[in-house]
$ cat target_13.pdb   # PDB, C-alpha atoms, pLDDT in the B column
ATOM      1  CA  MET A   1       0.000   0.000   0.000  1.00 88.00           C
ATOM      2  CA  LEU A   2       2.857   2.371   0.804  1.00 91.00           C
ATOM      3  CA  ARG A   3       4.616   1.655  -2.469  1.00 91.00           C
ATOM      4  CA  ALA A   4       1.378   1.949  -4.427  1.00 91.00           C
ATOM      5  CA  ALA A   5       0.894   5.409  -2.916  1.00 90.00           C
ATOM      6  CA  GLY A   6       4.368   6.449  -4.005  1.00 92.00           C
ATOM      7  CA  VAL A   7       5.945   6.404  -0.549  1.00 94.00           C
ATOM      8  CA  GLY A   8       9.647   5.598  -0.759  1.00 94.00           C
ATOM      9  CA  VAL A   9      13.196   6.836  -0.321  1.00 95.00           C
ATOM     10  CA  GLY A  10      13.423  10.175   1.460  1.00 93.00           C
ATOM     11  CA  ASP A  11       9.964   9.896   2.998  1.00 97.00           C
ATOM     12  CA  GLU A  12       9.050   9.458   6.657  1.00 97.00           C
ATOM     13  CA  VAL A  13       6.109   7.357   7.833  1.00 98.00           C
ATOM     14  CA  ILE A  14       4.719   7.821  11.353  1.00 98.00           C
ATOM     15  CA  VAL A  15       3.991   4.528  13.124  1.00 97.00           C
ATOM     16  CA  PRO A  16       3.395   3.281  16.670  1.00 97.00           C
ATOM     17  CA  ALA A  17       6.234   1.678  18.654  1.00 97.00           C
ATOM     18  CA  PHE A  18       3.776  -0.177  20.907  1.00 97.00           C
ATOM     19  CA  GLY A  19       3.274  -3.460  19.082  1.00 94.00           C
ATOM     20  CA  ASN A  20       5.266  -5.768  16.857  1.00 90.00           C
ATOM     21  CA  ALA A  21       7.867  -4.699  14.329  1.00 95.00           C
ATOM     22  CA  GLU A  22       6.013  -5.641  11.138  1.00 94.00           C
ATOM     23  CA  VAL A  23       4.682  -2.134  10.428  1.00 95.00           C
ATOM     24  CA  ALA A  24       8.118  -0.529  10.827  1.00 96.00           C
ATOM     25  CA  GLU A  25       9.589  -3.325   8.687  1.00 96.00           C
ATOM     26  CA  ALA A  26       7.047  -2.616   5.935  1.00 95.00           C
ATOM     27  CA  VAL A  27       8.008   1.062   5.969  1.00 96.00           C
ATOM     28  CA  THR A  28      11.685   0.140   5.664  1.00 96.00           C
ATOM     29  CA  LEU A  29      10.965  -2.280   2.817  1.00 95.00           C
ATOM     30  CA  ALA A  30       9.234   0.557   0.972  1.00 95.00           C
ATOM     31  CA  GLY A  31      12.464   2.544   1.300  1.00 96.00           C
ATOM     32  CA  ALA A  32      11.072   5.077   3.777  1.00 97.00           C
ATOM     33  CA  LEU A  33      12.037   5.853   7.387  1.00 97.00           C
ATOM     34  CA  PRO A  34       9.718   4.806  10.251  1.00 97.00           C
ATOM     35  CA  VAL A  35       9.158   7.606  12.770  1.00 97.00           C
ATOM     36  CA  PHE A  36       7.664   6.553  16.087  1.00 98.00           C
ATOM     37  CA  ALA A  37       4.880   8.460  17.850  1.00 98.00           C
ATOM     38  CA  ASP A  38       3.401   7.875  21.293  1.00 98.00           C
ATOM     39  CA  ILE A  39       0.098   6.167  22.075  1.00 98.00           C
ATOM     40  CA  ASP A  40      -3.092   7.093  23.851  1.00 97.00           C
ATOM     41  CA  PRO A  41      -2.944   5.382  27.278  1.00 96.00           C
ATOM     42  CA  VAL A  42      -6.589   4.261  27.073  1.00 95.00           C
ATOM     43  CA  THR A  43      -6.780   2.800  23.544  1.00 95.00           C
ATOM     44  CA  TYR A  44      -3.083   1.872  23.147  1.00 96.00           C
ATOM     45  CA  CYS A  45      -3.353   3.276  19.606  1.00 97.00           C
ATOM     46  CA  LEU A  46      -1.587   6.289  18.116  1.00 98.00           C
ATOM     47  CA  ASP A  47      -2.281   9.548  19.958  1.00 98.00           C
ATOM     48  CA  VAL A  48      -3.330  12.351  17.609  1.00 98.00           C
ATOM     49  CA  PRO A  49      -1.333  15.173  19.294  1.00 98.00           C
ATOM     50  CA  ALA A  50       1.723  12.909  19.469  1.00 98.00           C
ATOM     51  CA  VAL A  51       1.438  12.173  15.759  1.00 98.00           C
ATOM     52  CA  GLU A  52       1.092  15.866  14.978  1.00 97.00           C
ATOM     53  CA  ALA A  53       4.240  16.578  17.015  1.00 97.00           C
ATOM     54  CA  ALA A  54       6.116  13.991  14.938  1.00 97.00           C
ATOM     55  CA  VAL A  55       5.200  15.540  11.566  1.00 98.00           C
ATOM     56  CA  THR A  56       8.100  17.032   9.590  1.00 97.00           C
ATOM     57  CA  ALA A  57       8.561  18.329   6.053  1.00 97.00           C
ATOM     58  CA  ARG A  58       9.500  14.759   5.036  1.00 97.00           C
ATOM     59  CA  SER A  59       6.391  13.097   6.499  1.00 97.00           C
ATOM     60  CA  ALA A  60       4.410  11.270   3.824  1.00 97.00           C
ATOM     61  CA  ALA A  61       2.095   8.922   5.699  1.00 97.00           C
ATOM     62  CA  VAL A  62       0.734   7.633   8.996  1.00 98.00           C
ATOM     63  CA  VAL A  63       0.043   3.948   9.619  1.00 97.00           C
ATOM     64  CA  VAL A  64      -2.741   3.520  12.177  1.00 96.00           C
ATOM     65  CA  VAL A  65      -2.848   0.200  14.024  1.00 95.00           C
ATOM     66  CA  HIS A  66      -5.996  -0.798  15.912  1.00 94.00           C
ATOM     67  CA  ARG A  67      -4.988  -2.576  19.100  1.00 94.00           C
ATOM     68  CA  PHE A  68      -6.521  -5.287  21.323  1.00 94.00           C
ATOM     69  CA  GLY A  69     -10.013  -4.767  19.889  1.00 93.00           C
ATOM     70  CA  ARG A  70     -10.060  -0.997  20.450  1.00 93.00           C
ATOM     71  CA  TRP A  71     -10.245   1.442  17.541  1.00 92.00           C
ATOM     72  CA  ALA A  72      -7.786   4.252  17.088  1.00 94.00           C
ATOM     73  CA  ASP A  73      -9.085   7.807  16.656  1.00 95.00           C
ATOM     74  CA  VAL A  74      -9.271   7.417  12.886  1.00 95.00           C
ATOM     75  CA  GLN A  75     -11.399  10.539  12.450  1.00 96.00           C
ATOM     76  CA  GLY A  76      -8.853  12.676  14.283  1.00 97.00           C
ATOM     77  CA  LEU A  77      -5.935  11.140  12.409  1.00 98.00           C
ATOM     78  CA  ARG A  78      -7.607  11.593   9.036  1.00 97.00           C
ATOM     79  CA  ALA A  79      -8.261  15.238   9.860  1.00 98.00           C
ATOM     80  CA  LEU A  80      -4.583  15.578  10.757  1.00 98.00           C
ATOM     81  CA  GLY A  81      -3.694  13.894   7.469  1.00 97.00           C
ATOM     82  CA  ARG A  82      -5.762  16.410   5.535  1.00 97.00           C
ATOM     83  CA  ARG A  83      -4.108  19.331   7.354  1.00 97.00           C
ATOM     84  CA  HIS A  84      -0.605  18.111   6.556  1.00 97.00           C
ATOM     85  CA  GLY A  85      -1.183  16.315   3.261  1.00 96.00           C
ATOM     86  CA  LEU A  86      -0.429  12.880   4.711  1.00 97.00           C
ATOM     87  CA  LEU A  87      -1.667   9.502   3.564  1.00 96.00           C
ATOM     88  CA  VAL A  88      -3.435   7.690   6.444  1.00 97.00           C
ATOM     89  CA  LEU A  89      -3.396   3.898   6.253  1.00 95.00           C
ATOM     90  CA  GLU A  90      -5.049   1.504   8.700  1.00 93.00           C
ATOM     91  CA  GLN A  91      -3.988  -1.907   9.896  1.00 88.00           C
ATOM     92  CA  GLY A  92      -6.810  -3.737  11.608  1.00 79.00           C
ATOM     93  CA  GLU A  93      -7.045  -6.969  13.529  1.00 74.00           C
ATOM     94  CA  SER A  94      -8.776 -10.064  12.224  1.00 73.00           C
ATOM     95  CA  GLU A  95     -12.445  -9.924  13.093  1.00 77.00           C
ATOM     96  CA  ALA A  96     -13.968 -12.750  15.098  1.00 81.00           C
ATOM     97  CA  PRO A  97     -17.543 -13.948  14.463  1.00 87.00           C
ATOM     98  CA  TYR A  98     -20.237 -11.874  16.148  1.00 88.00           C
ATOM     99  CA  ASP A  99     -21.198 -14.645  18.582  1.00 92.00           C
ATOM    100  CA  GLU A 100     -17.594 -14.978  19.727  1.00 93.00           C
ATOM    101  CA  ILE A 101     -17.254 -11.224  20.231  1.00 93.00           C
ATOM    102  CA  ALA A 102     -20.468 -11.208  22.273  1.00 94.00           C
ATOM    103  CA  GLN A 103     -19.088 -13.954  24.511  1.00 95.00           C
ATOM    104  CA  ARG A 104     -15.779 -12.146  24.933  1.00 95.00           C
ATOM    105  CA  ARG A 105     -17.632  -9.006  25.928  1.00 95.00           C
ATOM    106  CA  GLN A 106     -19.647 -10.997  28.442  1.00 95.00           C
ATOM    107  CA  ARG A 107     -16.491 -12.394  30.028  1.00 96.00           C
ATOM    108  CA  ALA A 108     -14.821  -8.989  29.952  1.00 96.00           C
ATOM    109  CA  ALA A 109     -17.830  -7.455  31.750  1.00 96.00           C
ATOM    110  CA  TYR A 110     -17.531 -10.145  34.425  1.00 96.00           C
ATOM    111  CA  LEU A 111     -13.836  -9.336  34.943  1.00 96.00           C
ATOM    112  CA  ASP A 112     -14.588  -5.601  34.988  1.00 95.00           C
ATOM    113  CA  THR A 113     -16.904  -6.010  37.962  1.00 95.00           C
ATOM    114  CA  LYS A 114     -14.887  -8.611  39.867  1.00 95.00           C
ATOM    115  CA  LEU A 115     -11.209  -7.729  39.524  1.00 95.00           C
ATOM    116  CA  ARG A 116      -9.460  -5.769  42.266  1.00 91.00           C
ATOM    117  CA  GLY A 117      -5.928  -4.448  42.411  1.00 86.00           C
ATOM    118  CA  VAL A 118      -5.431  -4.083  38.648  1.00 93.00           C
ATOM    119  CA  ARG A 119      -6.653  -1.381  36.275  1.00 93.00           C
ATOM    120  CA  THR A 120      -9.196  -2.894  33.901  1.00 95.00           C
ATOM    121  CA  PRO A 121      -9.479  -1.775  30.255  1.00 95.00           C
ATOM    122  CA  ASP A 122     -11.836   0.953  29.096  1.00 91.00           C
ATOM    123  CA  GLY A 123     -14.573  -0.774  27.111  1.00 83.00           C
ATOM    124  CA  GLY A 124     -15.707   2.199  25.037  1.00 77.00           C
ATOM    125  CA  ASP A 125     -15.931   2.553  21.269  1.00 73.00           C
ATOM    126  CA  GLY A 126     -17.155  -0.950  20.528  1.00 86.00           C
ATOM    127  CA  HIS A 127     -14.304  -2.851  22.176  1.00 92.00           C
ATOM    128  CA  THR A 128     -14.228  -6.418  20.817  1.00 94.00           C
ATOM    129  CA  TYR A 129     -11.686  -7.676  23.373  1.00 95.00           C
ATOM    130  CA  GLN A 130      -9.275  -9.366  21.024  1.00 94.00           C
ATOM    131  CA  GLN A 131      -7.235  -9.171  24.204  1.00 95.00           C
ATOM    132  CA  TYR A 132      -8.320  -8.165  27.713  1.00 97.00           C
ATOM    133  CA  VAL A 133      -5.421  -5.969  28.778  1.00 97.00           C
ATOM    134  CA  VAL A 134      -5.055  -4.795  32.370  1.00 97.00           C
ATOM    135  CA  ARG A 135      -2.402  -2.672  34.020  1.00 95.00           C
ATOM    136  CA  VAL A 136      -0.634  -4.061  37.055  1.00 94.00           C
ATOM    137  CA  PRO A 137       0.121  -1.423  39.702  1.00 87.00           C
ATOM    138  CA  GLY A 138       3.513  -1.223  41.342  1.00 85.00           C
ATOM    139  CA  ASN A 139       6.976  -0.425  40.061  1.00 84.00           C
ATOM    140  CA  GLY A 140       6.535  -1.260  36.403  1.00 86.00           C
ATOM    141  CA  ARG A 141       8.048  -4.259  34.692  1.00 91.00           C
ATOM    142  CA  PRO A 142       9.507  -6.100  37.731  1.00 91.00           C
ATOM    143  CA  ASP A 143       6.172  -6.112  39.562  1.00 92.00           C
ATOM    144  CA  ARG A 144       4.182  -6.882  36.396  1.00 93.00           C
ATOM    145  CA  ASP A 145       6.454  -9.791  35.534  1.00 95.00           C
ATOM    146  CA  ALA A 146       6.272 -11.156  39.088  1.00 93.00           C
ATOM    147  CA  PHE A 147       2.483 -10.834  38.973  1.00 94.00           C
ATOM    148  CA  ALA A 148       2.378 -12.744  35.678  1.00 95.00           C
ATOM    149  CA  ARG A 149       4.606 -15.544  37.002  1.00 95.00           C
ATOM    150  CA  ALA A 150       2.396 -15.911  40.069  1.00 94.00           C
ATOM    151  CA  LEU A 151      -0.758 -16.089  37.927  1.00 95.00           C
ATOM    152  CA  ARG A 152       0.757 -18.733  35.681  1.00 95.00           C
ATOM    153  CA  GLY A 153       1.671 -20.666  38.799  1.00 94.00           C
ATOM    154  CA  LYS A 154      -2.035 -20.669  39.643  1.00 94.00           C
ATOM    155  CA  GLY A 155      -2.959 -21.964  36.193  1.00 94.00           C
ATOM    156  CA  VAL A 156      -3.969 -18.646  34.591  1.00 95.00           C
ATOM    157  CA  ASP A 157      -2.779 -18.344  30.986  1.00 94.00           C
ATOM    158  CA  CYS A 158      -1.768 -14.682  30.917  1.00 96.00           C
ATOM    159  CA  ARG A 159       0.787 -13.012  28.687  1.00 96.00           C
ATOM    160  CA  VAL A 160       2.679  -9.771  28.209  1.00 97.00           C
ATOM    161  CA  PRO A 161       1.201  -8.199  25.041  1.00 96.00           C
ATOM    162  CA  VAL A 162       4.244  -6.075  24.100  1.00 96.00           C
ATOM    163  CA  LYS A 163       7.554  -7.163  25.606  1.00 93.00           C
ATOM    164  CA  THR A 164       9.782  -4.593  23.899  1.00 95.00           C
ATOM    165  CA  PRO A 165       8.562  -1.449  22.115  1.00 96.00           C
ATOM    166  CA  VAL A 166       9.800  -1.290  18.533  1.00 97.00           C
ATOM    167  CA  HIS A 167      11.913   1.830  19.140  1.00 96.00           C
ATOM    168  CA  ARG A 168      13.956  -0.219  21.643  1.00 94.00           C
ATOM    169  CA  LEU A 169      14.725  -3.047  19.204  1.00 95.00           C
ATOM    170  CA  PRO A 170      18.310  -2.966  17.855  1.00 94.00           C
ATOM    171  CA  GLU A 171      17.290  -2.599  14.206  1.00 93.00           C
ATOM    172  CA  PHE A 172      14.942   0.327  14.923  1.00 94.00           C
ATOM    173  CA  ARG A 173      16.554   1.944  17.963  1.00 90.00           C
ATOM    174  CA  ARG A 174      15.670   5.620  18.259  1.00 85.00           C
ATOM    175  CA  CYS A 175      16.424   8.253  20.858  1.00 84.00           C
ATOM    176  CA  VAL A 176      12.834   9.431  21.194  1.00 92.00           C
ATOM    177  CA  SER A 177      10.586  10.202  24.158  1.00 93.00           C
ATOM    178  CA  LEU A 178       7.523   7.906  24.199  1.00 97.00           C
ATOM    179  CA  PRO A 179       6.456   7.903  27.855  1.00 97.00           C
ATOM    180  CA  GLU A 180       3.019   6.310  27.402  1.00 97.00           C
ATOM    181  CA  THR A 181       4.476   3.578  25.202  1.00 97.00           C
ATOM    182  CA  GLU A 182       7.144   2.811  27.808  1.00 96.00           C
ATOM    183  CA  LEU A 183       4.624   2.751  30.663  1.00 96.00           C
ATOM    184  CA  ALA A 184       2.261   0.484  28.745  1.00 97.00           C
ATOM    185  CA  ALA A 185       5.035  -1.938  27.817  1.00 97.00           C
ATOM    186  CA  ASP A 186       6.113  -2.154  31.466  1.00 96.00           C
ATOM    187  CA  ALA A 187       2.694  -2.468  33.117  1.00 95.00           C
ATOM    188  CA  THR A 188       0.258  -4.251  30.778  1.00 97.00           C
ATOM    189  CA  LEU A 189      -0.831  -7.866  30.990  1.00 97.00           C
ATOM    190  CA  ALA A 190      -3.368  -9.725  28.848  1.00 98.00           C
ATOM    191  CA  LEU A 191      -5.800 -11.957  30.726  1.00 97.00           C
ATOM    192  CA  PRO A 192      -7.855 -14.652  28.969  1.00 96.00           C
ATOM    193  CA  VAL A 193     -11.404 -13.861  27.845  1.00 95.00           C
ATOM    194  CA  ASP A 194     -11.764 -16.618  25.263  1.00 93.00           C
ATOM    195  CA  ALA A 195     -15.290 -17.642  24.385  1.00 91.00           C
ATOM    196  CA  SER A 196     -14.446 -21.196  25.441  1.00 92.00           C
ATOM    197  CA  LEU A 197     -13.767 -20.260  29.089  1.00 95.00           C
ATOM    198  CA  THR A 198     -16.201 -21.718  31.606  1.00 95.00           C
ATOM    199  CA  LYS A 199     -17.670 -19.841  34.565  1.00 95.00           C
ATOM    200  CA  ARG A 200     -15.419 -21.814  36.906  1.00 95.00           C
ATOM    201  CA  GLU A 201     -12.337 -20.832  34.885  1.00 96.00           C
ATOM    202  CA  MET A 202     -13.383 -17.170  34.992  1.00 97.00           C
ATOM    203  CA  GLN A 203     -13.815 -17.396  38.751  1.00 96.00           C
ATOM    204  CA  ARG A 204     -10.333 -18.896  39.043  1.00 95.00           C
ATOM    205  CA  ILE A 205      -8.858 -15.965  37.082  1.00 96.00           C
ATOM    206  CA  VAL A 206     -10.559 -13.476  39.395  1.00 96.00           C
ATOM    207  CA  SER A 207      -9.560 -15.351  42.540  1.00 95.00           C
ATOM    208  CA  ALA A 208      -5.919 -15.602  41.467  1.00 95.00           C
ATOM    209  CA  CYS A 209      -5.678 -11.932  40.433  1.00 94.00           C
ATOM    210  CA  ASN A 210      -7.425 -10.571  43.496  1.00 93.00           C
ATOM    211  CA  ALA A 211      -5.265 -12.602  45.862  1.00 91.00           C
ATOM    212  CA  LEU A 212      -2.185 -10.986  44.308  1.00 88.00           C
ATOM    213  CA  GLY A 213      -3.532  -7.537  43.454  1.00 68.00           C
ATOM    214  CA  GLY A 214      -3.881  -6.457  47.041  1.00 52.00           C
ATOM    215  CA  LEU A 215      -0.191  -7.137  47.664  1.00 50.00           C
ATOM    216  CA  LEU A 216       0.938  -4.555  45.103  1.00 50.00           C
ATOM    217  CA  GLN A 217       0.922  -0.868  45.893  1.00 51.00           C
ATOM    218  CA  PRO A 218       1.117   1.816  43.215  1.00 48.00           C
ATOM    219  CA  ALA A 219       4.510   3.469  42.919  1.00 45.00           C
ATOM    220  CA  PHE A 220       4.731   7.129  43.931  1.00 41.00           C
TER
END

$ encode --input "target_13.pdb" --output "structure tokens"
Amino acid sequence: MLRAAGVGVGDEVIVPAFGNAEVAEAVTLAGALPVFADIDPVTYCLDVPAVEAAVTARSAAVVVVHRFGRWADVQGLRALGRRHGLLVLEQGESEAPYDEIAQRRQRAAYLDTKLRGVRTPDGGDGHTYQQYVVRVPGNGRPDRDAFARALRGKGVDCRVPVKTPVHRLPEFRRCVSLPETELAADATLALPVDASLTKREMQRIVSACNALGGLLQPAF
């Protein structure tokens, strides 16, 4: 899509660093330079003011990635694109069948009301819960990782959604300030909300999380 739009050598393309490297790799393959912008802490998608701050005379495009079942502010980013003459491309997530999404939402609603000691996701804007991503309070990555190990020890299949932001990978290392990206990478944890989970399994997730959550205090 980038090549078809004429994006190439000498151009910059604004992309998120919170996620995997495939978007930045695609930009590089097109001959352009990936420029990383910070995310919105609620949606985990590109933040419109952060993207605007990253625009330069060489900016040619923005690649918007929808994350975890939440939609980015596409309207705001398209308006920004019109102001600066930028191409705005979207990368979505594979859509699950409606029945499966409904069941995920049901399980997510259960976790929303039962979990203590972690910050639950904001369910606005038609969240489909491709992943149910919480934030673990405490001192960032060490506490989050300890929390995850303890949950796995109790049989809860949790995972860290983004282990290393793309701007910290050797092939894309940049000296850039992305505070929300860094915080999200250090504190987020994806809990299971699969449609196949039984009520007993959901109760076990809540019990395991709540037993640990009260032991962690937010850092000041």

$ closest_atom_pairs --input "target_13.pdb" --of "region 95-203 of chain A" --to "region 1-18 of chain A" --cutoff "10 Å" --atoms "only C-alpha atoms" --output "tab-separated table"
residue	atom	partner	partner_atom	distance
A:Pro161	CA	A:Phe18	CA	9.4
A:Val162	CA	A:Phe18	CA	6.7
A:Lys163	CA	A:Phe18	CA	9.2
A:Thr164	CA	A:Phe18	CA	8.0
A:Pro165	CA	A:Phe18	CA	5.1
A:Val166	CA	A:Ala17	CA	4.6
A:His167	CA	A:Ala17	CA	5.7
A:Arg168	CA	A:Ala17	CA	8.5
A:Leu169	CA	A:Ala17	CA	9.7
A:Phe172	CA	A:Ala17	CA	9.6
A:Leu178	CA	A:Ala17	CA	8.4
A:Glu180	CA	A:Phe18	CA	9.2
A:Thr181	CA	A:Phe18	CA	5.7
A:Glu182	CA	A:Phe18	CA	8.2
A:Ala184	CA	A:Phe18	CA	8.0
A:Ala185	CA	A:Phe18	CA	7.2

$ resolve_selection --input "target_13.pdb" --expression "the PyMOL selection byres ((chain A and resi 57) around 12)" --output "list of chain:residue names"
A:Gly10, A:Asp11, A:Glu12, A:Val13, A:Glu52, A:Ala53, A:Ala54, A:Val55, A:Thr56, A:Arg58, A:Ser59, A:Ala60, A:Ala61, A:His84, A:Gly85, A:Leu86

$ residues_around --input "target_13.pdb" --residues "Ser207 (chain A)" --least-positions-apart "3" --cutoff "10 Å" --atoms "only C-alpha atoms" --output "MDAnalysis selection string"
chainID A and resid 114:116 151 154 201:204 210:213

$ resolve_selection --input "target_13.pdb" --expression "the PyMOL selection byres ((chain A and resi 99-107) around 7)" --output "ChimeraX atom specification"
/A:96-98,108-111,128-129,193-195

$ atom_distance --input "target_13.pdb" --atom1 "CA of Pro49 (chain A)" --atom2 "CA of Arg70 (chain A)"
18.4 Å

$ axis_aligned_box --input "target_13.pdb" --around "region 91-107 of chain A" --padding-each-side "4 Å" --output "lines of an AutoDock Vina configuration file"
center_x = -12.6
center_y = -8.4
center_z = 20.0
size_x = 25.2
size_y = 21.1
size_z = 28.1

$ resolve_selection --input "target_13.pdb" --expression "the PyMOL selection byres ((chain A and resi 156) around 12)" --output "ChimeraX atom specification"
/A:147-155,157-159,189-193,197,201-209

$ closest_residue --input "target_13.pdb" --among "A:Asp40, A:Arg67, A:Gly138, A:Val176" --to "Asn20 (chain A)" --atoms "all atoms listed in the file"
A:Arg67

$ closest_residue --input "target_13.pdb" --among "A:Gln130, A:Thr188, A:Thr28, A:Ser196" --to "Arg144 (chain A)" --atoms "only C-alpha atoms"
A:Thr188

$ residues_near_point --input "target_13.pdb" --point "(-4.2, 0.5, 10.0)" --cutoff "8 Å" --atoms "all atoms listed in the file" --output "ChimeraX atom specification"
/A:63-66,89-92

$ atom_distance --input "target_13.pdb" --atom1 "CA of Val134 (chain A)" --atom2 "CA of Glu95 (chain A)"
21.3 Å

$ decode --input "target_13.pdb" --residues "region 18-26 of chain A" --atoms "all heavy atoms" --output "compact mmCIF listing (two decimals), in the first residue's frame"
# COMPACT_ATOMS: atom_id res chain seq x y z
N PHE A 18 4.42 0.80 20.02
CA PHE A 18 3.78 -0.18 20.91
C PHE A 18 3.12 -1.24 20.05
O PHE A 18 2.05 -1.04 19.47
CB PHE A 18 2.74 0.52 21.79
CG PHE A 18 2.16 -0.38 22.87
CD1 PHE A 18 2.92 -0.75 23.96
CD2 PHE A 18 0.87 -0.85 22.78
CE1 PHE A 18 2.41 -1.58 24.94
CE2 PHE A 18 0.33 -1.68 23.75
CZ PHE A 18 1.11 -2.05 24.85
N GLY A 19 3.77 -2.39 19.93
CA GLY A 19 3.27 -3.46 19.08
C GLY A 19 4.44 -4.24 18.52
O GLY A 19 5.56 -4.14 19.01
N ASN A 20 4.17 -5.01 17.47
CA ASN A 20 5.27 -5.77 16.86
C ASN A 20 5.94 -4.92 15.78
O ASN A 20 5.50 -3.82 15.46
CB ASN A 20 4.75 -7.10 16.30
CG ASN A 20 3.61 -6.92 15.33
OD1 ASN A 20 3.59 -5.98 14.56
ND2 ASN A 20 2.63 -7.81 15.39
N ALA A 21 7.01 -5.48 15.22
CA ALA A 21 7.87 -4.70 14.33
C ALA A 21 7.41 -4.72 12.87
O ALA A 21 8.01 -4.03 12.04
CB ALA A 21 9.30 -5.22 14.41
N GLU A 22 6.33 -5.44 12.55
CA GLU A 22 6.01 -5.64 11.14
C GLU A 22 5.65 -4.35 10.41
O GLU A 22 5.95 -4.21 9.21
CB GLU A 22 4.90 -6.67 10.98
CG GLU A 22 3.56 -6.26 11.53
CD GLU A 22 2.49 -7.33 11.34
OE1 GLU A 22 2.84 -8.50 11.13
OE2 GLU A 22 1.30 -6.98 11.41
N VAL A 23 5.04 -3.39 11.10
CA VAL A 23 4.68 -2.13 10.43
C VAL A 23 5.95 -1.34 10.09
O VAL A 23 6.11 -0.84 8.98
CB VAL A 23 3.73 -1.30 11.30
CG1 VAL A 23 3.47 0.06 10.66
CG2 VAL A 23 2.40 -2.03 11.48
N ALA A 24 6.86 -1.23 11.07
CA ALA A 24 8.12 -0.53 10.83
C ALA A 24 8.92 -1.23 9.74
O ALA A 24 9.57 -0.58 8.91
CB ALA A 24 8.93 -0.44 12.12
N GLU A 25 8.88 -2.56 9.73
CA GLU A 25 9.59 -3.33 8.69
C GLU A 25 9.01 -3.03 7.31
O GLU A 25 9.75 -2.90 6.32
CB GLU A 25 9.51 -4.82 8.99
CG GLU A 25 10.35 -5.24 10.18
CD GLU A 25 10.06 -6.66 10.63
OE1 GLU A 25 9.05 -7.24 10.16
OE2 GLU A 25 10.83 -7.18 11.47
N ALA A 26 7.69 -2.92 7.22
CA ALA A 26 7.05 -2.62 5.93
C ALA A 26 7.47 -1.25 5.43
O ALA A 26 7.70 -1.05 4.23
CB ALA A 26 5.53 -2.69 6.09
